[in-house]
$ cat protein_36.cif   # mmCIF, C-alpha atoms
data_input
loop_
_atom_site.label_atom_id
_atom_site.label_comp_id
_atom_site.auth_asym_id
_atom_site.auth_seq_id
_atom_site.Cartn_x
_atom_site.Cartn_y
_atom_site.Cartn_z
CA HIS A 14 0.00 0.00 0.00
CA ARG A 15 1.06 3.59 -0.59
CA PHE A 16 1.88 5.45 2.59
CA GLU A 17 1.54 9.24 2.60
CA MET A 18 4.48 10.87 4.34
CA PRO A 19 4.73 14.66 4.55
CA CYS A 20 8.16 14.18 6.13
CA ILE A 21 9.61 12.91 2.84
CA SER A 22 8.24 13.23 -0.68
CA SER A 23 8.49 10.73 -3.52
CA ALA A 24 10.79 13.20 -5.31
CA ASP A 25 13.06 13.24 -2.26
CA LEU A 26 13.15 9.45 -2.24
CA ARG A 27 14.10 9.20 -5.91
CA GLY A 28 17.07 11.49 -5.47
CA TYR A 29 18.00 10.57 -1.92
CA LYS A 30 21.56 9.29 -1.50
CA GLY A 31 21.51 8.46 2.21
CA ASP A 32 19.59 6.01 4.41
CA ALA A 33 16.02 7.25 4.01
CA PHE A 34 14.67 5.05 6.80
CA ALA A 35 17.23 6.00 9.44
CA GLU A 36 17.44 9.67 8.49
CA LYS A 37 13.82 10.44 7.56
CA VAL A 38 11.28 7.74 8.43
CA LEU A 39 12.49 6.76 11.90
CA PRO A 40 12.80 10.30 13.29
CA SER A 41 9.37 11.12 11.88
CA ALA A 42 7.84 7.97 13.41
CA ARG A 43 9.34 8.89 16.77
CA ALA A 44 7.89 12.40 16.52
CA PHE A 45 4.51 10.85 15.72
CA GLY A 46 4.73 8.59 18.79
CA GLU A 47 5.77 11.54 20.93
CA GLY A 48 2.63 13.34 19.81
CA ILE A 49 0.44 10.37 20.72
CA TYR A 50 1.91 10.33 24.23
CA LYS A 51 1.35 14.07 24.61
CA ILE A 52 -2.26 13.77 23.46
CA TYR A 53 -3.31 10.55 25.21
CA GLY A 54 -0.60 9.85 27.80
CA ALA A 55 -2.50 11.00 30.90
CA ARG A 56 -3.97 8.35 33.19
CA THR A 57 -7.44 9.76 32.59
CA MET A 58 -6.98 8.89 28.89
CA ALA A 59 -6.46 5.16 29.46
CA ARG A 60 -9.27 4.10 27.09
CA TYR A 61 -7.90 6.34 24.37
CA GLN A 62 -4.48 4.71 24.75
CA LEU A 63 -5.96 1.22 24.46
CA THR A 64 -8.10 2.11 21.45
CA TRP A 65 -5.23 3.79 19.63
CA LEU A 66 -2.91 0.81 20.07
CA LEU A 67 -5.59 -1.68 19.00
CA GLY A 68 -6.24 0.40 15.90
CA VAL A 69 -2.66 0.92 14.72
CA ALA A 70 -1.99 -2.81 15.24
CA SER A 71 -4.27 -3.49 12.25
CA PRO A 72 -1.50 -4.69 9.87
CA TYR A 73 -0.20 -7.13 12.45
CA LEU A 74 -3.47 -9.07 12.56
CA ALA A 75 -2.09 -10.87 9.49
CA PHE A 76 0.34 -12.69 11.78
CA LEU A 77 -2.55 -14.03 13.88
CA THR A 78 -4.78 -15.55 11.21
CA ASP A 79 -5.43 -19.30 11.05
CA GLU A 80 -3.63 -19.48 7.72
CA GLU A 81 0.04 -18.67 8.17
CA PRO A 82 0.80 -15.60 6.07
CA HIS A 83 3.59 -15.47 3.51
CA PRO A 84 5.05 -12.39 1.80
CA ASP A 85 5.00 -14.08 -1.62
CA SER A 86 1.32 -15.05 -1.42
CA ALA A 87 -1.09 -13.22 -3.69
CA VAL A 88 -3.95 -13.77 -1.24
CA MET A 89 -4.45 -11.69 1.90
CA PRO A 90 -5.13 -13.89 4.97
CA GLY A 91 -8.61 -12.98 6.13
CA MET A 92 -9.65 -11.57 9.51
CA GLY A 93 -11.63 -8.42 10.24
CA ILE A 94 -12.33 -6.91 13.64
CA ALA A 95 -14.93 -4.23 14.43
CA LEU A 96 -13.81 -1.83 17.16
CA SER A 97 -16.76 0.18 18.56
CA LEU A 98 -16.03 3.50 20.27
CA TYR A 99 -19.17 4.16 22.32
CA SER A 100 -20.44 6.88 24.61
CA ALA A 101 -23.98 8.10 25.19
CA ASN A 102 -22.71 11.69 25.10
CA SER A 103 -20.93 13.41 22.22
CA GLY A 104 -17.87 15.62 22.40
CA LEU A 105 -15.48 13.06 23.89
CA GLY A 106 -13.11 12.98 20.93
CA LYS A 107 -14.00 9.54 19.55
CA SER A 108 -14.02 10.64 15.91
CA ALA A 109 -10.76 12.53 16.43
CA LEU A 110 -9.23 9.37 17.90
CA GLN A 111 -10.27 7.44 14.79
CA LYS A 112 -8.46 9.99 12.63
CA VAL A 113 -5.33 9.79 14.79
CA ILE A 114 -5.31 6.00 14.29
CA ASN A 115 -5.62 6.26 10.52
CA GLU A 116 -3.04 9.05 10.21
CA ALA A 117 -0.35 6.57 11.25
CA PHE A 118 -0.71 5.14 7.74
CA LEU A 119 -2.31 7.61 5.34
CA HIS A 120 -4.58 10.63 5.16
CA ALA A 121 -7.56 9.90 7.40
CA GLU A 122 -10.04 11.06 4.76
CA GLU A 123 -8.82 8.33 2.38
CA SER A 124 -9.80 5.56 4.78
CA LYS A 125 -13.05 6.95 6.13
CA ALA A 126 -16.78 6.72 5.40
CA SER A 127 -20.04 7.59 7.08
CA GLY A 128 -21.69 4.57 8.65
CA ASP A 129 -25.16 6.15 8.60
CA LYS A 130 -27.82 3.88 7.08
CA ASN A 131 -29.28 6.66 4.91
CA SER A 132 -26.30 8.73 3.79
CA GLY A 133 -23.38 6.42 4.48
CA ILE A 134 -21.59 3.48 2.93
CA SER A 135 -23.40 0.28 1.91
CA SER A 136 -22.15 -3.11 3.06
CA ILE A 137 -21.10 -3.90 -0.53
CA SER A 138 -19.08 -0.67 -0.81
CA LEU A 139 -17.62 -1.35 2.63
CA GLY A 140 -16.28 -4.68 1.41
CA VAL A 141 -14.72 -2.98 -1.62
CA GLN A 142 -13.02 -0.36 0.58
CA LEU A 143 -11.72 -2.89 3.11
CA ALA A 144 -10.31 -5.10 0.34
CA LYS A 145 -8.67 -2.06 -1.26
CA LEU A 146 -6.93 -1.15 2.01
CA GLY A 147 -6.00 -4.76 2.76
CA SER A 148 -4.42 -4.54 6.21
CA LEU A 149 -4.81 -0.82 6.93
CA PRO A 150 -7.43 0.40 9.43
CA PHE A 151 -10.73 1.82 8.22
CA MET A 152 -12.99 4.38 9.91
CA LEU A 153 -16.78 4.34 10.03
CA ASP A 154 -17.96 7.61 11.53
CA GLU A 155 -21.36 8.09 13.18
CA VAL A 156 -23.22 4.78 13.06
CA THR A 157 -25.61 6.03 15.76
CA ASN A 158 -28.76 6.17 13.64
CA ASN A 159 -28.55 2.63 12.29
CA GLU A 160 -31.26 0.07 12.98
CA PRO A 161 -30.25 -3.21 14.68
CA GLU A 162 -30.39 -5.11 11.38
CA VAL A 163 -28.02 -2.62 9.71
CA VAL A 164 -25.61 -2.79 12.68
CA SER A 165 -25.55 -6.57 12.40
CA GLU A 166 -24.98 -6.40 8.64
CA LEU A 167 -22.05 -3.98 8.91
CA ILE A 168 -20.32 -5.86 11.71
CA HIS A 169 -20.84 -9.16 9.93
CA LYS A 170 -19.36 -7.68 6.74
CA ILE A 171 -16.28 -6.46 8.62
CA SER A 172 -15.69 -9.77 10.39
CA ILE A 173 -16.21 -12.20 7.49
CA ASP A 174 -13.00 -10.73 5.99
CA ARG A 175 -13.97 -11.16 2.34
CA ASP A 176 -16.57 -9.88 -0.05
CA LYS A 177 -19.28 -12.24 -1.22
CA VAL A 178 -19.41 -13.50 -4.79
CA ARG A 179 -22.11 -11.69 -6.78
CA ALA A 180 -23.50 -12.33 -10.22
CA GLN A 181 -23.96 -10.05 -13.21
CA GLN A 182 -27.24 -9.81 -15.09
CA ASN A 183 -26.02 -12.49 -17.49
CA GLY A 184 -25.41 -14.85 -14.59
CA ARG A 185 -21.63 -14.69 -14.71
CA PRO A 186 -19.91 -14.03 -11.38
CA VAL A 187 -18.57 -10.56 -10.65
CA GLU A 188 -14.84 -10.51 -10.05
CA PRO A 189 -14.46 -10.72 -6.23
CA THR A 190 -12.96 -7.68 -4.56
CA GLY A 191 -10.60 -9.73 -2.40
CA SER A 192 -10.08 -10.19 1.33
CA TRP A 193 -8.80 -8.08 4.19
CA THR A 194 -7.07 -8.41 7.55
CA SER A 195 -7.78 -5.21 9.41
CA VAL A 196 -9.44 -3.23 12.18
CA THR A 197 -12.47 -1.06 11.41
CA THR A 198 -13.31 1.56 14.03
CA MET A 199 -16.89 2.76 14.54
CA SER A 200 -17.88 5.84 16.57
CA THR A 201 -21.37 5.80 18.04
CA ASN A 202 -23.65 7.22 20.72
CA VAL A 203 -25.60 3.96 20.87
CA SER A 204 -24.00 0.75 22.12
CA GLN A 205 -23.45 -1.63 19.23
CA ARG A 206 -23.65 -4.52 21.68
CA VAL A 207 -27.17 -3.47 22.64
CA MET A 208 -28.16 -3.12 18.99
CA LEU A 209 -26.89 -6.62 18.24
CA THR A 210 -28.92 -7.97 21.16
CA GLN A 211 -32.04 -6.31 19.78
CA HIS A 212 -31.39 -7.86 16.40
CA ARG A 213 -30.61 -11.38 17.51
CA ALA A 214 -30.90 -12.04 21.23
CA GLY A 215 -28.84 -14.92 22.48
CA SER A 216 -26.17 -14.89 19.78
CA ILE A 217 -22.82 -14.99 21.56
CA ALA A 218 -21.03 -15.41 18.22
CA GLU A 219 -22.39 -12.10 16.93
CA GLN A 220 -21.50 -10.30 20.17
CA MET A 221 -17.94 -11.60 19.94
CA ARG A 222 -17.44 -10.03 16.51
CA VAL A 223 -17.29 -6.55 18.00
CA VAL A 224 -14.89 -5.18 20.61
CA GLU A 225 -16.70 -2.26 22.25
CA ILE A 226 -14.94 0.33 24.39
CA ASP A 227 -17.22 2.52 26.51
CA PHE A 228 -15.90 6.10 26.75
CA GLU A 229 -18.69 7.35 28.99
CA GLY A 230 -17.10 9.25 31.88
CA SER A 231 -13.79 9.77 30.08
CA VAL A 232 -12.28 13.23 30.31
CA PRO A 233 -10.80 14.44 27.00
CA GLY A 234 -8.15 17.12 26.93
CA SER A 235 -8.42 20.67 25.65
CA ILE A 236 -9.66 20.96 22.05
CA THR A 237 -7.20 23.73 21.18
CA GLU A 238 -4.31 21.79 22.70
CA PHE A 239 -5.36 18.69 20.77
CA GLN A 240 -5.52 20.60 17.49
CA ALA A 241 -2.04 22.04 18.00
CA LEU A 242 -0.50 18.65 18.85
CA TYR A 243 -2.46 16.91 16.10
CA ASN A 244 -1.07 19.18 13.41
CA ARG A 245 2.44 19.47 14.82
CA HIS A 246 3.03 15.77 15.50
CA VAL A 247 0.38 13.66 13.77
CA VAL A 248 -0.36 15.33 10.44
CA ALA A 249 3.25 16.51 9.95
CA ASN A 250 4.48 12.92 10.36
CA ARG A 251 1.61 11.11 8.67
CA GLY A 252 2.45 7.62 7.43
CA ALA A 253 5.86 7.31 9.09
CA LEU A 254 4.79 4.99 11.90
CA GLY A 255 2.84 2.83 9.47
CA MET A 256 5.86 2.54 7.20
CA LEU A 257 8.04 1.57 10.15
CA LEU A 258 5.59 -1.12 11.28
CA GLY A 259 5.13 -2.43 7.74
CA ARG A 260 8.86 -2.44 6.96
CA TYR A 261 9.74 -4.34 10.12
CA GLY A 262 6.96 -6.85 9.58
CA VAL A 263 8.11 -7.68 6.05
CA MET A 264 11.79 -7.84 6.98
CA HIS A 265 11.19 -10.18 9.94
CA TRP A 266 8.21 -12.17 8.65
CA ASP A 267 8.95 -15.56 10.24
CA ARG A 268 9.92 -14.10 13.61
CA MET A 269 6.80 -11.94 13.67
CA ARG A 270 4.56 -14.98 13.19
CA ARG A 271 6.29 -16.82 16.05
CA ASP A 272 6.17 -13.78 18.33
CA ALA A 273 2.50 -13.20 17.50
CA MET A 274 1.54 -16.79 18.30
CA SER A 275 3.50 -16.64 21.56
CA LEU A 276 1.81 -13.39 22.56
CA MET A 277 -1.62 -14.81 21.82
CA GLU A 278 -0.94 -17.84 24.02
CA THR A 279 0.16 -15.47 26.80
CA VAL A 280 -2.96 -13.32 26.39
CA ILE A 281 -5.29 -16.33 26.41
CA ALA A 282 -3.68 -17.67 29.57
CA LYS A 283 -3.51 -14.30 31.35
CA PHE A 284 -7.19 -13.49 30.78
CA ALA A 285 -8.49 -17.10 30.83
CA MET A 286 -10.10 -16.69 27.43
CA PRO A 287 -12.37 -19.38 25.98
CA ASN A 288 -12.41 -20.01 22.24
CA HIS A 289 -15.34 -17.67 21.54
CA GLU A 290 -13.22 -14.72 22.74
CA ARG A 291 -10.60 -15.33 20.04
CA TYR A 292 -11.23 -11.92 18.41
CA PHE A 293 -10.33 -10.21 21.69
CA ALA A 294 -7.22 -12.38 22.08
CA ARG A 295 -6.01 -11.74 18.56
CA ILE A 296 -6.43 -7.98 18.53
CA LEU A 297 -4.66 -7.60 21.88
CA ALA A 298 -1.82 -9.87 20.74
CA ALA A 299 -1.45 -7.77 17.58
CA ALA A 300 -1.42 -4.60 19.70
CA LEU A 301 1.29 -5.98 22.01
CA LEU A 302 3.32 -7.01 18.96
CA ALA A 303 3.04 -3.48 17.54
CA HIS A 304 4.05 -2.03 20.92
CA LYS A 305 7.08 -4.33 21.01
CA VAL A 306 8.22 -3.19 17.56
CA MET A 307 7.75 0.46 18.53
CA GLU A 308 9.80 -0.06 21.68
CA LEU A 309 12.61 -1.61 19.62
CA HIS A 310 12.75 1.64 17.66
CA GLY A 311 12.68 3.93 20.69
CA ILE A 312 9.02 4.92 20.36
CA THR A 313 6.95 5.30 23.54
CA ALA A 314 3.43 6.24 22.52
CA VAL A 315 1.41 4.51 25.27
CA ASP A 316 2.00 2.82 28.61
CA VAL A 317 1.62 -0.94 28.12
CA LYS A 318 0.65 -1.54 31.77
CA THR A 319 -2.18 0.97 31.38
CA VAL A 320 -3.23 -0.74 28.14
CA LEU A 321 -3.37 -4.19 29.76
CA LYS A 322 -5.27 -2.95 32.81
CA THR A 323 -7.78 -1.12 30.62
CA PHE A 324 -8.20 -4.10 28.31
CA ALA A 325 -9.00 -6.28 31.34
CA ALA A 326 -11.77 -3.85 32.30
CA VAL A 327 -13.15 -3.76 28.74
CA LEU A 328 -13.13 -7.56 28.54
CA GLU A 329 -14.94 -7.84 31.88
CA GLU A 330 -17.58 -5.37 30.68
CA SER A 331 -18.14 -7.51 27.60
CA ARG A 332 -18.37 -10.71 29.64
CA SER A 333 -20.80 -9.14 32.10
CA TYR A 334 -23.03 -7.82 29.33
CA ILE A 335 -23.16 -11.18 27.57
CA SER A 336 -23.81 -13.00 30.85
CA GLU A 337 -26.70 -10.68 31.69
CA ASN A 338 -28.23 -10.49 28.23
CA THR A 339 -27.63 -13.87 26.62
CA PRO A 340 -30.09 -16.57 27.73
CA ASP A 341 -28.68 -19.92 28.86
CA SER A 342 -30.34 -23.31 28.33
CA ASP A 343 -32.61 -22.92 31.38
CA ASP A 344 -33.78 -19.54 30.10
CA TYR A 345 -34.62 -21.03 26.72
CA LEU A 346 -36.57 -23.86 28.41
CA GLU A 347 -38.49 -21.38 30.54
CA GLN A 348 -39.33 -19.30 27.48
CA PHE A 349 -40.51 -22.43 25.66
CA VAL A 350 -42.77 -23.49 28.53
CA ARG A 351 -44.24 -20.01 28.82
CA HIS A 352 -44.89 -20.04 25.09
CA ILE A 353 -46.74 -23.38 24.97
CA MET A 354 -48.64 -23.32 28.30
CA PRO A 355 -51.55 -21.17 27.03
CA ARG A 356 -51.96 -23.64 24.15
CA ILE A 357 -52.20 -26.85 26.21
CA LEU A 358 -55.59 -28.48 26.83
CA ARG A 359 -55.91 -31.19 29.49
CA THR A 360 -57.90 -34.07 27.99
CA GLU A 361 -57.65 -36.98 30.44
CA THR A 362 -56.39 -37.87 33.91
CA GLU A 363 -55.42 -41.10 35.75
CA THR A 364 -55.87 -41.93 39.40
CA ASP A 365 -54.09 -44.39 41.65
CA LEU A 366 -55.79 -46.88 44.04
CA ARG A 367 -56.40 -44.10 46.53
CA GLY A 368 -58.12 -41.99 43.91
CA ALA A 369 -55.29 -39.44 43.70
CA GLN A 370 -54.43 -38.04 40.32
CA THR A 371 -51.05 -39.27 39.10
CA ASN A 372 -50.79 -38.55 35.35
CA TYR A 373 -52.16 -35.94 33.03
CA TYR A 374 -52.71 -36.36 29.35
CA ALA A 375 -52.70 -33.18 27.34
CA ALA A 376 -53.10 -32.18 23.75
CA MET A 377 -51.41 -29.15 22.24
CA TYR A 378 -53.49 -27.06 19.90
CA ASP A 379 -52.52 -24.22 17.60
#

$ encode --input "protein_36.cif" --output "structure tokens"
Amino acid sequence: HRFEMPCISSADLRGYKGDAFAEKVLPSARAFGEGIYKIYGARTMARYQLTWLLGVASPYLAFLTDEEPHPDSAVMPGMGIALSLYSANSGLGKSALQKVINEAFLHAEESKASGDKNSGISSISLGVQLAKLGSLPFMLDEVTNNEPEVVSELIHKISIDRDKVRAQQNGRPVEPTGSWTSVTTMSTNVSQRVMLTQHRAGSIAEQMRVVEIDFEGSVPGSITEFQALYNRHVVANRGALGMLLGRYGVMHWDRMRRDAMSLMETVIAKFAMPNHERYFARILAAALLAHKVMELHGITAVDVKTVLKTFAAVLEESRSYISENTPDSDDYLEQFVRHIMPRILRTETETDLRGAQTNYYAAMYD
């Protein structure tokens, strides 16, 4: 993918005689990371730190897919993760955070769309955009007004990691758009977990396709201070961190796969994760891998202890919500009995030698 880097132009690269990475890219990536720490480094910004790291780890999800990736393969290993940034109130900087994530790789406006059901992107167009970006993060802004069915459709599209095969009018299949391995962020004032429950109550699988971070109660910094830091550190160094992460991943492909698998095993053990929480395990492992690579290059953008502590809280919130809102087998049985009881007619009884009733015969009518 083409990375946009204001710190060095394509003309500079063509005529550059020195080490472009060491002299241009690395210093710019460090300045970008410094800006992230200045914007989100406070303890009160813990959820912003976690979200940012999960988002910029998007390219490293490729090392955590079931199919082992290979740099010579023409097929992108598939895995998409929906990252929901939720708060009932507006003005907490969720959309700005999405832009900061995307600016690590390219201009935020090139990897952004409205998620509104009426004026936003369709699920088909979403698949095209995700396949075009491949492993880079995508931003869906303002999905608040969507109905539960639309929420389910968008999240399902993100997580199935490939576009469906469609047919032309003559019956011939349309050329598939390809697959993707990436994180898609969604900003909303309505919990996407709640919307999924309204669409299909009891579906743990659907709930596990979205990682939702609740920003309610978070205290964002000054808007004017953010704007100054955003332009000075983020926009001015756009693409540098993404190039660093991509370059290191390609140069150390085999080691990255081994490190990613090891990190995922550690995450699963640390948080006692069952198989249905694999999306949570993979995105955190990718984030820790990205943090490790940044540390190797002298970049301190977030505090990893804060990230892990905050992730534990987010995971517990997800588990609690699912436990409280997903019926178990006893709940389903109770619902079934309540449903059929008004439709049961007693037709015959039996008595024992003492004349006590022992059995009932009933017929169900519709």

$ closest_residue --input "protein_36.cif" --among "A:Ala121, A:Val113, A:Leu105, A:Met277" --to "A:Trp65" --atoms "all atoms listed in the file"
A:Val113

$ resolve_selection --input "protein_36.cif" --expression "the PyMOL selection byres ((chain A and resi 79-83) around 12)" --output "JSON, numbers by chain"
{"A": [72, 73, 74, 75, 76, 77, 78, 84, 85, 86, 87, 88, 89, 90, 91, 92, 194, 262, 263, 264, 265, 266, 267, 268, 269, 270, 271, 273, 274, 291, 292, 295]}

$ residues_around --input "protein_36.cif" --residues "A:Val306" --least-positions-apart "3" --cutoff "9 Å" --atoms "all atoms listed in the file" --output "compact mmCIF listing (two decimals) with C-alpha atoms, in the frame of the given file"
# COMPACT_ATOMS: atom_id res chain seq x y z
CA LEU A 257 8.04 1.57 10.15
CA LEU A 258 5.59 -1.12 11.28
CA TYR A 261 9.74 -4.34 10.12
CA GLY A 262 6.96 -6.85 9.58
CA LEU A 301 1.29 -5.98 22.01
CA LEU A 302 3.32 -7.01 18.96
CA ALA A 303 3.04 -3.48 17.54
CA LEU A 309 12.61 -1.61 19.62
CA HIS A 310 12.75 1.64 17.66
CA GLY A 311 12.68 3.93 20.69
CA ILE A 312 9.02 4.92 20.36

$ closest_residue --input "protein_36.cif" --among "A:Lys318, A:Lys30, A:Lys145, A:His212" --to "A:Glu166" --atoms "all atoms listed in the file"
A:His212

$ resolve_selection --input "protein_36.cif" --expression "the PyMOL selection byres ((chain A and resi 60) around 10)" --output "list of chain:residue names"
A:Tyr53, A:Arg56, A:Thr57, A:Met58, A:Ala59, A:Tyr61, A:Gln62, A:Leu63, A:Thr64, A:Trp65, A:Leu98, A:Ile226, A:Asp227, A:Phe228, A:Ser231, A:Thr319, A:Val320, A:Lys322, A:Thr323, A:Phe324, A:Ala326, A:Val327

$ residues_around --input "protein_36.cif" --residues "A:Leu96" --least-positions-apart "6" --cutoff "10 Å" --atoms "all atoms listed in the file" --output "CSV table (one decimal) with C-alpha atoms, in the frame of the given file"
chain,number,residue,atom,x,y,z
A,64,THR,CA,-8.1,2.1,21.4
A,67,LEU,CA,-5.6,-1.7,19.0
A,68,GLY,CA,-6.2,0.4,15.9
A,152,MET,CA,-13.0,4.4,9.9
A,153,LEU,CA,-16.8,4.3,10.0
A,168,ILE,CA,-20.3,-5.9,11.7
A,196,VAL,CA,-9.4,-3.2,12.2
A,197,THR,CA,-12.5,-1.1,11.4
A,198,THR,CA,-13.3,1.6,14.0
A,199,MET,CA,-16.9,2.8,14.5
A,200,SER,CA,-17.9,5.8,16.6
A,205,GLN,CA,-23.4,-1.6,19.2
A,222,ARG,CA,-17.4,-10.0,16.5
A,223,VAL,CA,-17.3,-6.6,18.0
A,224,VAL,CA,-14.9,-5.2,20.6
A,225,GLU,CA,-16.7,-2.3,22.2
A,226,ILE,CA,-14.9,0.3,24.4
A,296,ILE,CA,-6.4,-8.0,18.5

$ atom_distance --input "protein_36.cif" --atom1 "atom CA of A:Ser138" --atom2 "atom CA of A:Ala298"
29.1 Å

$ closest_residue --input "protein_36.cif" --among "A:His289, A:Lys112, A:His169, A:His304" --to "A:Val248" --atoms "only C-alpha atoms"
A:Lys112

$ closest_residue --input "protein_36.cif" --among "A:Val203, A:Leu119, A:Met307, A:Leu167" --to "A:Glu155" --atoms "only C-alpha atoms"
A:Val203

$ decode --input "protein_36.cif" --residues "stretch 103-119 of chain A" --atoms "N, CA, C and O atoms" --output "CSV table (one decimal), in the first residue's frame"
chain,number,residue,atom,x,y,z
A,103,SER,N,-21.9,13.0,23.3
A,103,SER,CA,-20.9,13.4,22.2
A,103,SER,C,-19.9,14.3,22.8
A,103,SER,O,-19.9,14.7,24.0
A,104,GLY,N,-18.9,14.7,22.0
A,104,GLY,CA,-17.9,15.6,22.4
A,104,GLY,C,-16.7,15.0,23.2
A,104,GLY,O,-16.0,15.8,23.9
A,105,LEU,N,-16.6,13.7,23.1
A,105,LEU,CA,-15.5,13.1,23.9
A,105,LEU,C,-14.3,12.8,23.0
A,105,LEU,O,-13.3,12.1,23.5
A,106,GLY,N,-14.3,13.2,21.8
A,106,GLY,CA,-13.1,13.0,20.9
A,106,GLY,C,-13.0,11.6,20.3
A,106,GLY,O,-11.9,11.2,19.9
A,107,LYS,N,-14.1,10.9,20.1
A,107,LYS,CA,-14.0,9.5,19.6
A,107,LYS,C,-13.7,9.6,18.1
A,107,LYS,O,-12.8,8.9,17.6
A,108,SER,N,-14.3,10.5,17.3
A,108,SER,CA,-14.0,10.6,15.9
A,108,SER,C,-12.6,11.1,15.7
A,108,SER,O,-11.9,10.7,14.7
A,109,ALA,N,-12.1,12.0,16.5
A,109,ALA,CA,-10.8,12.5,16.4
A,109,ALA,C,-9.8,11.4,16.7
A,109,ALA,O,-8.7,11.3,16.0
A,110,LEU,N,-10.1,10.5,17.6
A,110,LEU,CA,-9.2,9.4,17.9
A,110,LEU,C,-9.2,8.5,16.7
A,110,LEU,O,-8.1,7.9,16.4
A,111,GLN,N,-10.3,8.3,16.0
A,111,GLN,CA,-10.3,7.4,14.8
A,111,GLN,C,-9.3,8.0,13.8
A,111,GLN,O,-8.6,7.3,13.1
A,112,LYS,N,-9.3,9.3,13.6
A,112,LYS,CA,-8.5,10.0,12.6
A,112,LYS,C,-7.0,9.8,13.0
A,112,LYS,O,-6.1,9.6,12.2
A,113,VAL,N,-6.7,9.9,14.3
A,113,VAL,CA,-5.3,9.8,14.8
A,113,VAL,C,-4.8,8.4,14.5
A,113,VAL,O,-3.7,8.2,14.1
A,114,ILE,N,-5.7,7.4,14.6
A,114,ILE,CA,-5.3,6.0,14.3
A,114,ILE,C,-4.9,5.9,12.8
A,114,ILE,O,-3.9,5.4,12.4
A,115,ASN,N,-5.8,6.4,12.0
A,115,ASN,CA,-5.6,6.3,10.5
A,115,ASN,C,-4.4,7.1,10.0
A,115,ASN,O,-3.8,6.7,9.1
A,116,GLU,N,-4.1,8.2,10.7
A,116,GLU,CA,-3.0,9.0,10.2
A,116,GLU,C,-1.7,8.4,10.4
A,116,GLU,O,-0.7,8.8,9.8
A,117,ALA,N,-1.6,7.3,11.1
A,117,ALA,CA,-0.3,6.6,11.3
A,117,ALA,C,0.0,5.9,9.9
A,117,ALA,O,1.2,5.6,9.7
A,118,PHE,N,-0.9,5.8,9.0
A,118,PHE,CA,-0.7,5.1,7.7
A,118,PHE,C,-0.9,6.0,6.5
A,118,PHE,O,-0.1,6.0,5.6
A,119,LEU,N,-2.0,6.8,6.5
A,119,LEU,CA,-2.3,7.6,5.3
A,119,LEU,C,-3.3,8.7,5.8
A,119,LEU,O,-3.7,8.7,6.9
